[in-house]
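Raw contents of run.cif, mmCIF, C-alpha atoms:
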```cif
data_query
loop_
_atom_site.label_atom_id
_atom_site.label_comp_id
_atom_site.auth_asym_id
_atom_site.auth_seq_id
_atom_site.Cartn_x
_atom_site.Cartn_y
_atom_site.Cartn_z
CA MET A 1 81.01 119.84 109.72
CA THR A 2 80.88 123.19 111.50
CA ALA A 3 82.85 122.27 114.63
CA HIS A 4 85.37 124.89 115.71
CA PRO A 5 88.94 123.65 115.42
CA THR A 6 91.00 123.43 118.60
CA VAL A 7 94.36 124.25 116.99
CA PRO A 8 95.22 127.71 115.56
CA ALA A 9 95.23 127.83 111.75
CA THR A 10 98.81 129.14 111.60
CA MET A 11 100.06 126.06 113.48
CA CYS A 12 98.34 123.80 110.93
CA GLU A 13 99.84 125.88 108.13
CA ASP A 14 103.35 125.41 109.55
CA LEU A 15 102.86 121.63 109.74
CA THR A 16 101.46 121.55 106.20
CA GLN A 17 104.48 123.52 105.00
CA SER A 18 106.78 120.95 106.65
CA VAL A 19 104.95 118.18 104.79
CA ARG A 20 105.38 120.07 101.48
CA ARG A 21 109.12 120.15 102.15
CA LEU A 22 109.02 116.38 102.87
CA ILE A 23 107.17 115.64 99.60
CA GLU A 24 109.88 117.44 97.64
CA ALA A 25 112.67 115.82 99.68
CA VAL A 26 111.29 112.33 98.91
CA ILE A 27 111.29 113.10 95.17
CA MET A 28 114.76 114.65 95.11
CA THR A 29 116.68 112.54 97.63
CA ASP A 30 119.57 110.26 96.76
CA VAL A 31 120.20 108.77 100.23
CA ASP A 32 120.90 105.10 100.93
CA GLU A 33 118.50 102.30 101.92
CA ALA A 34 119.20 102.56 105.65
CA THR A 35 118.29 106.26 105.66
CA ILE A 36 115.10 105.61 103.65
CA HIS A 37 114.17 103.01 106.28
CA THR A 38 114.77 105.45 109.17
CA VAL A 39 112.80 108.20 107.41
CA ARG A 40 109.87 105.89 106.80
CA SER A 41 109.73 105.07 110.56
CA LEU A 42 109.68 108.79 111.41
CA VAL A 43 106.91 109.47 108.88
CA ASP A 44 104.78 106.52 110.02
CA GLY A 45 105.24 107.62 113.63
CA ALA A 46 104.03 111.11 112.71
CA SER A 47 100.93 109.69 110.98
CA GLU A 48 100.11 107.48 113.96
CA LEU A 49 100.22 110.47 116.31
CA LEU A 50 97.93 112.51 114.02
CA GLU A 51 95.51 109.63 113.54
CA GLY A 52 95.05 109.39 117.34
CA THR A 53 92.19 111.91 117.07
CA ARG A 54 90.56 112.29 113.69
CA VAL A 55 87.57 114.25 112.38
CA SER A 56 84.67 112.00 111.44
CA GLY A 57 83.71 111.20 107.85
CA ASP A 58 85.70 110.78 104.66
CA SER A 59 86.42 114.40 103.83
CA PHE A 60 87.56 117.45 105.73
CA GLY A 61 85.08 119.64 103.90
CA LEU A 62 84.25 123.14 104.98
CA ARG A 63 84.96 124.23 108.55
CA HIS A 64 84.54 127.53 110.31
CA THR A 65 87.12 129.69 112.01
CA ALA A 66 86.69 130.96 115.57
CA ASP A 67 84.86 134.05 114.24
CA ASP A 68 82.56 131.75 112.20
CA ALA A 69 83.98 132.64 108.78
CA PRO A 70 84.11 129.65 106.43
CA ALA A 71 87.60 128.21 105.99
CA VAL A 72 88.33 125.72 103.24
CA TRP A 73 91.23 123.79 104.72
CA GLY A 74 91.23 120.50 102.86
CA ASN A 75 90.93 121.95 99.33
CA VAL A 76 93.61 120.59 96.98
CA VAL A 77 94.35 124.03 95.50
CA ILE A 78 93.93 126.50 98.38
CA GLY A 79 93.61 124.34 101.52
CA VAL A 80 96.01 125.40 104.26
CA ARG A 81 95.95 121.85 105.69
CA ASN A 82 96.53 120.21 102.31
CA ALA A 83 100.22 119.64 101.53
CA MET A 84 99.32 118.92 97.90
CA ALA A 85 98.02 122.49 97.50
CA PRO A 86 100.79 124.93 96.39
CA PRO A 87 98.71 126.60 98.08
CA LEU A 88 97.29 129.26 95.83
CA VAL A 89 96.48 132.56 97.50
CA ILE A 90 93.66 134.05 95.44
CA GLU A 91 93.43 137.84 95.10
CA ARG A 92 90.36 139.59 93.70
CA ASP A 93 90.33 143.25 92.62
CA ASN A 94 87.33 145.60 92.52
CA ASN A 95 86.57 144.66 88.92
CA GLY A 96 86.30 140.95 89.78
CA ARG A 97 89.65 140.10 88.21
CA VAL A 98 91.29 137.18 90.03
CA THR A 99 95.07 136.76 90.21
CA THR A 100 97.47 134.43 91.99
CA GLU A 101 101.23 133.95 92.05
CA CYS A 102 103.01 130.79 93.07
CA ARG A 103 106.21 128.81 92.68
CA LEU A 104 105.75 125.23 91.48
CA GLY A 105 108.59 122.85 92.37
CA PRO A 106 109.49 119.26 91.38
CA GLY A 107 106.25 117.90 92.87
CA TYR A 108 104.22 119.39 90.01
CA GLU A 109 106.31 117.94 87.21
CA GLY A 110 105.04 116.34 84.03
CA PRO A 111 107.53 116.55 81.12
CA PRO A 112 111.04 116.77 82.65
CA GLY A 113 111.59 120.29 84.04
CA HIS A 114 108.05 121.40 83.17
CA VAL A 115 104.69 121.70 84.91
CA HIS A 116 102.28 118.82 84.12
CA GLY A 117 99.65 120.05 81.64
CA GLY A 118 96.95 118.77 83.98
CA ILE A 119 98.31 120.91 86.85
CA CYS A 120 97.94 123.97 84.59
CA ALA A 121 94.33 122.85 84.03
CA LEU A 122 93.83 122.44 87.81
CA ILE A 123 95.11 125.97 88.49
CA LEU A 124 93.07 127.52 85.67
CA ASP A 125 89.91 125.69 86.75
CA HIS A 126 90.31 127.13 90.23
CA VAL A 127 91.28 130.67 89.20
CA LEU A 128 88.56 131.02 86.55
CA GLY A 129 86.04 129.44 88.94
CA ALA A 130 86.99 131.99 91.60
CA THR A 131 85.66 134.78 89.35
CA ALA A 132 82.20 133.22 89.70
CA HIS A 133 82.12 132.56 93.47
CA ARG A 134 79.89 134.73 95.66
CA PRO A 135 79.76 134.60 99.49
CA GLY A 136 77.77 131.47 100.41
CA LEU A 137 77.30 130.59 96.72
CA PRO A 138 80.27 128.58 95.44
CA ALA A 139 80.46 127.93 91.70
CA VAL A 140 81.06 124.57 90.06
CA THR A 141 82.61 124.06 86.63
CA ALA A 142 80.30 123.25 83.71
CA THR A 143 82.90 123.30 80.92
CA LEU A 144 86.59 124.16 80.73
CA THR A 145 88.71 124.54 77.59
CA ILE A 146 92.49 124.80 77.80
CA ARG A 147 94.90 125.78 75.02
CA TYR A 148 98.59 125.05 75.61
CA ARG A 149 100.71 127.62 73.74
CA ARG A 150 104.06 126.33 74.97
CA PRO A 151 105.48 124.23 77.85
CA THR A 152 105.31 125.85 81.30
CA ARG A 153 108.64 125.61 83.10
CA LEU A 154 108.70 124.69 86.80
CA GLY A 155 109.29 127.80 88.87
CA ARG A 156 107.52 131.10 89.43
CA LEU A 157 104.12 131.47 87.76
CA ARG A 158 101.23 133.90 87.65
CA ALA A 159 97.62 132.99 86.82
CA GLU A 160 94.77 135.40 86.05
CA GLY A 161 91.07 135.05 85.40
CA TRP A 162 88.30 137.50 84.60
CA VAL A 163 84.59 137.44 83.78
CA HIS A 164 83.80 137.57 80.08
CA ARG A 165 80.00 137.69 80.59
CA GLU A 166 77.27 136.51 82.98
CA GLU A 167 73.82 134.98 82.42
CA GLY A 168 71.92 134.44 85.68
CA ALA A 169 73.82 131.79 87.70
CA LYS A 170 76.23 131.20 84.79
CA THR A 171 79.62 132.92 84.55
CA PHE A 172 81.71 132.80 81.35
CA ALA A 173 85.31 133.34 82.40
CA THR A 174 88.64 133.67 80.58
CA GLY A 175 92.22 133.56 81.81
CA HIS A 176 95.78 132.33 81.47
CA ILE A 177 98.98 131.18 83.13
CA ALA A 178 102.19 133.11 82.49
CA ASP A 179 105.83 132.70 83.40
CA ASP A 180 108.54 135.36 83.23
CA ASP A 181 108.55 135.11 79.41
CA GLY A 182 104.79 135.55 78.95
CA ILE A 183 101.62 133.48 78.53
CA THR A 184 102.03 129.69 78.36
CA VAL A 185 98.45 128.39 78.72
CA GLU A 186 95.05 129.99 78.01
CA ALA A 187 91.62 128.91 79.25
CA GLU A 188 87.91 129.58 78.95
CA GLY A 189 85.29 128.17 81.27
CA VAL A 190 81.63 128.22 82.15
CA PHE A 191 80.86 128.11 85.88
CA ILE A 192 77.49 127.73 87.61
CA ARG A 193 76.74 129.11 91.07
CA ILE A 194 74.88 126.63 93.28
CA ASP A 195 73.05 127.01 96.55
CA PRO A 196 74.81 124.45 98.83
CA GLU A 197 71.71 124.22 101.06
CA ARG A 198 69.53 123.25 98.12
CA LYS A 199 71.88 120.96 96.18
CA ARG A 200 73.45 118.80 98.88
CA MET B 201 119.59 112.66 84.24
CA THR B 202 120.32 109.01 83.39
CA ALA B 203 122.11 108.05 86.61
CA HIS B 204 121.07 104.70 88.03
CA PRO B 205 119.35 105.03 91.39
CA THR B 206 121.00 103.37 94.36
CA VAL B 207 117.77 102.47 96.18
CA PRO B 208 115.29 99.85 94.88
CA ALA B 209 112.11 101.36 93.41
CA THR B 210 109.85 99.36 95.75
CA MET B 211 111.54 100.93 98.78
CA CYS B 212 110.89 104.41 97.38
CA GLU B 213 107.30 103.41 96.68
CA ASP B 214 106.82 102.33 100.30
CA LEU B 215 108.18 105.65 101.59
CA THR B 216 105.99 107.59 99.15
CA GLN B 217 102.98 105.60 100.34
CA SER B 218 103.84 106.55 103.94
CA VAL B 219 103.93 110.23 102.93
CA ARG B 220 100.50 109.87 101.25
CA ARG B 221 99.16 108.57 104.55
CA LEU B 222 100.76 111.55 106.34
CA ILE B 223 99.19 114.07 103.90
CA GLU B 224 95.74 112.65 104.64
CA ALA B 225 96.43 112.47 108.39
CA VAL B 226 97.37 116.19 108.46
CA ILE B 227 94.10 117.10 106.74
CA MET B 228 91.90 114.89 108.92
CA THR B 229 93.55 115.17 112.34
CA ASP B 230 91.96 116.76 115.36
CA VAL B 231 94.88 116.43 117.81
CA ASP B 232 96.04 119.13 120.22
CA GLU B 233 98.78 121.75 119.79
CA ALA B 234 101.44 119.76 121.65
CA THR B 235 100.97 116.79 119.33
CA ILE B 236 101.09 119.01 116.23
CA HIS B 237 104.39 120.39 117.55
CA THR B 238 105.85 116.88 118.07
CA VAL B 239 104.68 115.76 114.64
CA ARG B 240 106.27 118.76 112.98
CA SER B 241 109.64 117.92 114.59
CA LEU B 242 109.41 114.34 113.29
CA VAL B 243 108.55 115.53 109.77
CA ASP B 244 111.31 118.15 109.69
CA GLY B 245 113.79 115.53 110.97
CA ALA B 246 112.74 113.21 108.13
CA SER B 247 113.25 115.97 105.53
CA GLU B 248 116.68 116.82 106.91
CA LEU B 249 117.81 113.20 106.60
CA LEU B 250 116.56 112.99 103.00
CA GLU B 251 118.12 116.32 102.06
CA GLY B 252 121.53 115.02 103.20
CA THR B 253 122.11 113.70 99.67
CA ARG B 254 120.06 115.21 96.89
CA VAL B 255 119.99 114.83 93.11
CA SER B 256 121.22 117.94 91.32
CA GLY B 257 118.94 120.41 89.56
CA ASP B 258 115.42 121.62 90.20
CA SER B 259 113.45 118.66 88.93
CA PHE B 260 113.67 114.90 89.27
CA GLY B 261 112.86 114.42 85.59
CA LEU B 262 113.26 111.11 83.86
CA ARG B 263 115.57 108.49 85.30
CA HIS B 264 116.39 104.98 84.23
CA THR B 265 115.94 101.74 86.10
CA ALA B 266 118.79 99.23 86.58
CA ASP B 267 117.84 97.55 83.26
CA ASP B 268 117.90 100.97 81.56
CA ALA B 269 114.13 101.31 81.03
CA PRO B 270 112.89 104.88 81.51
CA ALA B 271 111.11 105.44 84.83
CA VAL B 272 109.09 108.57 85.46
CA TRP B 273 109.36 108.88 89.22
CA GLY B 274 108.65 112.52 89.93
CA ASN B 275 105.53 112.85 87.75
CA VAL B 276 102.58 114.36 89.66
CA VAL B 277 100.12 111.80 88.24
CA ILE B 278 102.07 108.54 87.92
CA GLY B 279 105.37 109.15 89.76
CA VAL B 280 106.17 106.45 92.31
CA ARG B 281 108.26 108.95 94.28
CA ASN B 282 105.61 111.67 94.21
CA ALA B 283 103.25 111.56 97.20
CA MET B 284 100.88 113.97 95.41
CA ALA B 285 100.30 111.35 92.68
CA PRO B 286 97.36 109.02 93.51
CA PRO B 287 99.38 107.37 91.72
CA LEU B 288 97.55 106.37 88.58
CA VAL B 289 98.50 103.00 87.12
CA ILE B 290 97.83 103.32 83.40
CA GLU B 291 96.72 100.23 81.47
CA ARG B 292 96.66 100.08 77.69
CA ASP B 293 94.83 97.38 75.71
CA ASN B 294 95.67 96.12 72.20
CA ASN B 295 93.32 98.68 70.62
CA GLY B 296 95.13 101.61 72.30
CA ARG B 297 92.34 102.16 74.83
CA VAL B 298 93.78 103.49 78.10
CA THR B 299 92.14 102.83 81.47
CA THR B 300 92.98 103.47 85.10
CA GLU B 301 91.25 102.91 88.42
CA CYS B 302 92.01 104.76 91.62
CA ARG B 303 90.58 105.83 94.94
CA LEU B 304 90.73 109.57 95.65
CA GLY B 305 90.63 110.53 99.34
CA PRO B 306 90.30 113.83 101.23
CA GLY B 307 93.50 115.20 99.68
CA TYR B 308 91.80 115.65 96.31
CA GLU B 309 88.79 117.57 97.62
CA GLY B 310 87.21 120.65 96.04
CA PRO B 311 83.52 121.08 96.93
CA PRO B 312 82.96 119.32 100.30
CA GLY B 313 82.91 115.55 99.78
CA HIS B 314 83.70 115.85 96.07
CA VAL B 315 86.76 115.71 93.83
CA HIS B 316 88.06 119.16 92.76
CA GLY B 317 87.03 119.80 89.15
CA GLY B 318 90.65 120.60 88.32
CA ILE B 319 91.78 117.20 89.61
CA CYS B 320 89.32 115.59 87.17
CA ALA B 321 90.97 117.71 84.46
CA LEU B 322 94.44 116.60 85.63
CA ILE B 323 93.46 112.91 85.44
CA LEU B 324 91.76 113.28 82.05
CA ASP B 325 94.71 115.22 80.62
CA HIS B 326 97.03 112.40 81.62
CA VAL B 327 94.77 109.50 80.55
CA LEU B 328 93.87 111.03 77.17
CA GLY B 329 97.51 112.03 76.65
CA ALA B 330 98.59 108.44 77.34
CA THR B 331 96.68 107.30 74.22
CA ALA B 332 99.12 109.41 72.17
CA HIS B 333 102.43 108.40 73.80
CA ARG B 334 104.81 106.15 71.85
CA PRO B 335 108.08 104.67 73.21
CA GLY B 336 110.62 107.51 73.24
CA LEU B 337 108.03 109.96 71.87
CA PRO B 338 105.99 111.48 74.70
CA ALA B 339 102.99 113.59 73.73
CA VAL B 340 102.18 117.05 75.04
CA THR B 341 98.71 118.56 75.25
CA ALA B 342 97.68 121.09 72.60
CA THR B 343 94.05 121.57 73.68
CA LEU B 344 91.82 119.97 76.29
CA THR B 345 88.06 120.43 76.70
CA ILE B 346 86.26 119.15 79.79
CA ARG B 347 82.50 118.85 80.34
CA TYR B 348 81.31 118.30 83.89
CA ARG B 349 78.05 116.32 83.84
CA ARG B 350 77.69 116.06 87.62
CA PRO B 351 79.88 116.31 90.75
CA THR B 352 82.40 113.46 91.22
CA ARG B 353 82.27 112.06 94.74
CA LEU B 354 85.52 111.28 96.56
CA GLY B 355 86.14 107.53 96.51
CA ARG B 356 86.64 104.88 93.85
CA LEU B 357 86.88 106.14 90.26
CA ARG B 358 87.63 104.82 86.80
CA ALA B 359 89.00 106.88 83.91
CA GLU B 360 89.18 105.85 80.26
CA GLY B 361 90.61 107.38 77.09
CA TRP B 362 90.73 106.30 73.48
CA VAL B 363 91.93 107.66 70.14
CA HIS B 364 89.25 109.31 68.05
CA ARG B 365 91.54 109.94 65.07
CA GLU B 366 95.20 110.66 64.21
CA GLU B 367 96.87 113.10 61.81
CA GLY B 368 100.65 112.67 61.67
CA ALA B 369 102.04 113.62 65.11
CA LYS B 370 98.56 114.77 66.28
CA THR B 371 96.24 112.51 68.25
CA PHE B 372 92.58 113.46 68.83
CA ALA B 373 91.48 111.61 71.97
CA THR B 374 88.23 111.26 73.89
CA GLY B 375 87.47 109.92 77.35
CA HIS B 376 85.69 110.19 80.68
CA ILE B 377 85.75 109.68 84.43
CA ALA B 378 83.09 107.46 86.00
CA ASP B 379 82.12 106.51 89.51
CA ASP B 380 79.91 103.57 90.55
CA ASP B 381 76.84 105.42 89.25
CA GLY B 382 78.23 106.20 85.78
CA ILE B 383 80.02 108.97 83.90
CA THR B 384 80.65 112.22 85.79
CA VAL B 385 83.08 114.11 83.53
CA GLU B 386 83.80 113.91 79.78
CA ALA B 387 86.84 115.18 77.86
CA GLU B 388 88.28 115.68 74.42
CA GLY B 389 91.88 116.60 73.72
CA VAL B 390 94.45 117.11 71.01
CA PHE B 391 97.94 115.81 71.81
CA ILE B 392 101.15 116.24 69.84
CA ARG B 393 104.05 113.78 69.91
CA ILE B 394 107.42 115.47 70.27
CA ASP B 395 110.96 114.25 69.82
CA PRO B 396 112.59 115.04 73.21
CA GLU B 397 116.07 115.10 71.61
CA ARG B 398 114.97 117.80 69.17
CA LYS B 399 112.78 120.02 71.39
CA ARG B 400 114.75 120.27 74.65
#
```
Go through the file and emit its structure as structure tokens.
Amino acid sequence: MTAHPTVPATMCEDLTQSVRRLIEAVIMTDVDEATIHTVRSLVDGASELLEGTRVSGDSFGLRHTADDAPAVWGNVVIGVRNAMAPPLVIERDNNGRVTTECRLGPGYEGPPGHVHGGICALILDHVLGATAHRPGLPAVTATLTIRYRRPTRLGRLRAEGWVHREEGAKTFATGHIADDDGITVEAEGVFIRIDPERKR
Amino acid sequence: MTAHPTVPATMCEDLTQSVRRLIEAVIMTDVDEATIHTVRSLVDGASELLEGTRVSGDSFGLRHTADDAPAVWGNVVIGVRNAMAPPLVIERDNNGRVTTECRLGPGYEGPPGHVHGGICALILDHVLGATAHRPGLPAVTATLTIRYRRPTRLGRLRAEGWVHREEGAKTFATGHIADDDGITVEAEGVFIRIDPERKR
């Protein structure tokens, strides 16, 4: 789980970005059957090459960069190797306020033209949870409450989270998602910091 | 938005399944730089072919099958063209109880070896929301509350949702996610049926 990767992170990021483009292209394409067939052969060929050497186990988990900093590469929200992740780039200011900006395309759709309500929940869970993380002490969600004020259009979004109060290992966080016209979804959550060495 | 697709749905499903395999292969691979480079060329070539003919607009939205039934293909939870969707296959019994079973692999990871808490929220939002849907009247989420009882391991999962009570267009639903050892996450939500012709 702590093996050093052989390939530079930026190269993985470029490949992941190419796969994101492919995901969107599959959703939006209107090509004919013969082209779909050719594309599928290319994609299967790519998978076969990648599967030639595979990390052991059933999850990518936490790895370390060359300078031994932890790097979460498989994570579905921030993982640089995970094409399902937008990915969110989380920024934290000196007051512990967490913000992120992203553009969500057709892959995140629920109601036509709008972000799936559950994707808003996924983003808010991660952003609010990030207010509780401390180095070496990740936080897990205890409860999360989401209020949908209006539909969130696909496109450019901003999410924010901040600490409302703390009690020992518990963090009570608040936050929202906003588009260019203002707040669309609000959230409150309780997050608990765990010691990974003790719990797993 | 109601154009009939030219390619059979099963063919799209097969291609989407190939892209799901690719997403996981990118996360789990340990190949060298030269192979990553080759793979990226294959993937970009595939995207270029698909982008040759593209549906108009910025979302796939709702399309219709050859027999004019609505088919939600781009949806991030159930869309057969969306490689980010597990996809969930939603089953509804005569009492309105909604169930789904799926296997979540490394692409849905949050804490190492476990499903991201926000992915549990995404699944529960969709499953509880499905109890409120009526033909031609999709429901949107008003509020969603999630309680995490314990971490959800990656692997085989079952989610269930049922109606607690109804008030006009409002449905109060309850549900949970369970693994082989029992319930891991519980949820309650309020969903509101909307008339798509009136609201958008």
Set the distance at 7 Å and use all atoms listed in the file: which residues neighbour Tyr348 of chain B once local chain neighbours fewer than 6 positions away are removed? I'd like the list as a PDB file with C-alpha atoms, in the frame of the given file.
```
ATOM      1  CA  THR A 141      82.610 124.060  86.630  1.00  0.00           C
ATOM      2  CA  ALA A 142      80.300 123.250  83.710  1.00  0.00           C
ATOM      3  CA  THR A 143      82.900 123.300  80.920  1.00  0.00           C
TER       4      THR A 143
ATOM      5  CA  THR B 384      80.650 112.220  85.790  1.00  0.00           C
ATOM      6  CA  VAL B 385      83.080 114.110  83.530  1.00  0.00           C
ATOM      7  CA  GLU B 386      83.800 113.910  79.780  1.00  0.00           C
TER       8      GLU B 386
END
```
Counting only C-alpha atoms, what are the residues of chain B within 6 Å of chain A, and for each of them which pair of atoms is the nearest and at what distance in Å, to one decimal? Sort the table by chain and rising number, as JSON lines.
```
{"residue": "B:Val207", "atom": "CA", "partner": "A:Glu33", "partner_atom": "CA", "distance": 5.8}
{"residue": "B:Leu215", "atom": "CA", "partner": "A:Arg40", "partner_atom": "CA", "distance": 5.5}
{"residue": "B:Leu222", "atom": "CA", "partner": "A:Ser47", "partner_atom": "CA", "distance": 5.0}
{"residue": "B:Ala225", "atom": "CA", "partner": "A:Leu50", "partner_atom": "CA", "distance": 5.8}
{"residue": "B:Ile227", "atom": "CA", "partner": "A:Arg81", "partner_atom": "CA", "distance": 5.2}
{"residue": "B:Met228", "atom": "CA", "partner": "A:Val55", "partner_atom": "CA", "distance": 5.6}
{"residue": "B:Thr229", "atom": "CA", "partner": "A:Arg54", "partner_atom": "CA", "distance": 4.4}
{"residue": "B:Asp230", "atom": "CA", "partner": "A:Arg54", "partner_atom": "CA", "distance": 5.0}
{"residue": "B:Val231", "atom": "CA", "partner": "A:Thr53", "partner_atom": "CA", "distance": 5.3}
{"residue": "B:Glu233", "atom": "CA", "partner": "A:Val7", "partner_atom": "CA", "distance": 5.8}
{"residue": "B:Val239", "atom": "CA", "partner": "A:Ala46", "partner_atom": "CA", "distance": 5.1}
{"residue": "B:Arg240", "atom": "CA", "partner": "A:Leu15", "partner_atom": "CA", "distance": 5.5}
{"residue": "B:Leu242", "atom": "CA", "partner": "A:Leu42", "partner_atom": "CA", "distance": 5.9}
{"residue": "B:Ala246", "atom": "CA", "partner": "A:Val39", "partner_atom": "CA", "distance": 5.1}
{"residue": "B:Ser247", "atom": "CA", "partner": "A:Leu22", "partner_atom": "CA", "distance": 5.0}
{"residue": "B:Leu250", "atom": "CA", "partner": "A:Thr29", "partner_atom": "CA", "distance": 5.4}
{"residue": "B:Glu251", "atom": "CA", "partner": "A:Ala25", "partner_atom": "CA", "distance": 6.0}
{"residue": "B:Thr253", "atom": "CA", "partner": "A:Asp30", "partner_atom": "CA", "distance": 5.2}
{"residue": "B:Arg254", "atom": "CA", "partner": "A:Thr29", "partner_atom": "CA", "distance": 4.4}
{"residue": "B:Val255", "atom": "CA", "partner": "A:Met28", "partner_atom": "CA", "distance": 5.6}
{"residue": "B:Ser259", "atom": "CA", "partner": "A:Pro106", "partner_atom": "CA", "distance": 4.7}
{"residue": "B:Phe260", "atom": "CA", "partner": "A:Met28", "partner_atom": "CA", "distance": 5.9}
{"residue": "B:Gly261", "atom": "CA", "partner": "A:Pro112", "partner_atom": "CA", "distance": 4.2}
{"residue": "B:Gly274", "atom": "CA", "partner": "A:Ile27", "partner_atom": "CA", "distance": 5.9}
{"residue": "B:Asn275", "atom": "CA", "partner": "A:Gly110", "partner_atom": "CA", "distance": 5.1}
{"residue": "B:Val276", "atom": "CA", "partner": "A:Tyr108", "partner_atom": "CA", "distance": 5.3}
{"residue": "B:Arg281", "atom": "CA", "partner": "A:Ile27", "partner_atom": "CA", "distance": 5.2}
{"residue": "B:Asn282", "atom": "CA", "partner": "A:Ile27", "partner_atom": "CA", "distance": 5.9}
{"residue": "B:Met284", "atom": "CA", "partner": "A:Met84", "partner_atom": "CA", "distance": 5.8}
{"residue": "B:Pro306", "atom": "CA", "partner": "A:Ser59", "partner_atom": "CA", "distance": 4.7}
{"residue": "B:Tyr308", "atom": "CA", "partner": "A:Val76", "partner_atom": "CA", "distance": 5.3}
{"residue": "B:Glu309", "atom": "CA", "partner": "A:Asn75", "partner_atom": "CA", "distance": 5.2}
{"residue": "B:Gly310", "atom": "CA", "partner": "A:Asn75", "partner_atom": "CA", "distance": 5.1}
{"residue": "B:Pro312", "atom": "CA", "partner": "A:Gly61", "partner_atom": "CA", "distance": 4.2}
{"residue": "B:Gly313", "atom": "CA", "partner": "A:Ser59", "partner_atom": "CA", "distance": 5.5}
{"residue": "B:Gly318", "atom": "CA", "partner": "A:Leu122", "partner_atom": "CA", "distance": 3.7}
{"residue": "B:Ile319", "atom": "CA", "partner": "A:Leu122", "partner_atom": "CA", "distance": 5.9}
{"residue": "B:Leu322", "atom": "CA", "partner": "A:Gly118", "partner_atom": "CA", "distance": 3.7}
{"residue": "B:Asp325", "atom": "CA", "partner": "A:Gly118", "partner_atom": "CA", "distance": 5.4}
{"residue": "B:Ala342", "atom": "CA", "partner": "A:Tyr148", "partner_atom": "CA", "distance": 5.1}
{"residue": "B:Thr343", "atom": "CA", "partner": "A:Arg147", "partner_atom": "CA", "distance": 4.5}
{"residue": "B:Leu344", "atom": "CA", "partner": "A:Ile146", "partner_atom": "CA", "distance": 5.1}
{"residue": "B:Thr345", "atom": "CA", "partner": "A:Thr145", "partner_atom": "CA", "distance": 4.3}
{"residue": "B:Ile346", "atom": "CA", "partner": "A:Leu144", "partner_atom": "CA", "distance": 5.1}
{"residue": "B:Arg347", "atom": "CA", "partner": "A:Thr143", "partner_atom": "CA", "distance": 4.5}
{"residue": "B:Tyr348", "atom": "CA", "partner": "A:Ala142", "partner_atom": "CA", "distance": 5.1}
```
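Selection around (101.7, 112.3, 71.4) with radius 10 Å, counting all atoms listed in the file, yields the residues Leu328, Gly329, Ala330, Thr331, Ala332, His333, Arg334, Leu337, Pro338, Ala339, Val340, Thr341, Ala342, Glu366, Gly368, Ala369, Lys370, Thr371, Phe372, Val390, Phe391, Ile392, Arg393, Ile394 and Asp395 of chain B.
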Selection file, C-alpha atoms, as a short mmCIF file (atom, residue, chain, number, x, y, z; two decimals), in the frame of the given file:
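Final output, result_39.cif:
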```cif
data_model
loop_
_atom_site.label_atom_id
_atom_site.label_comp_id
_atom_site.auth_asym_id
_atom_site.auth_seq_id
_atom_site.Cartn_x
_atom_site.Cartn_y
_atom_site.Cartn_z
CA LEU B 328 93.87 111.03 77.17
CA GLY B 329 97.51 112.03 76.65
CA ALA B 330 98.59 108.44 77.34
CA THR B 331 96.68 107.30 74.22
CA ALA B 332 99.12 109.41 72.17
CA HIS B 333 102.43 108.40 73.80
CA ARG B 334 104.81 106.15 71.85
CA LEU B 337 108.03 109.96 71.87
CA PRO B 338 105.99 111.48 74.70
CA ALA B 339 102.99 113.59 73.73
CA VAL B 340 102.18 117.05 75.04
CA THR B 341 98.71 118.56 75.25
CA ALA B 342 97.68 121.09 72.60
CA GLU B 366 95.20 110.66 64.21
CA GLY B 368 100.65 112.67 61.67
CA ALA B 369 102.04 113.62 65.11
CA LYS B 370 98.56 114.77 66.28
CA THR B 371 96.24 112.51 68.25
CA PHE B 372 92.58 113.46 68.83
CA VAL B 390 94.45 117.11 71.01
CA PHE B 391 97.94 115.81 71.81
CA ILE B 392 101.15 116.24 69.84
CA ARG B 393 104.05 113.78 69.91
CA ILE B 394 107.42 115.47 70.27
CA ASP B 395 110.96 114.25 69.82
#
```
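Atom CA of Pro135 of chain A is positioned 19.2 Å from atom CA of Thr100 of chain A.
Between atom CA of Ala378 of chain B and atom CA of Gly361 of chain B the separation is 11.7 Å.
For the atom pair formed by atom CA of Glu291 of chain B and atom CA of Val327 of chain B, the distance is 9.5 Å, given to one decimal.
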| message | Counting all atoms listed in the file, I want the residues whose atoms come within 7 Å of (102.0, 132.7, 94.0) in the file frame, returned as a PyMOL selection string. | response | chain A and resi 88-89+100-103+157-158
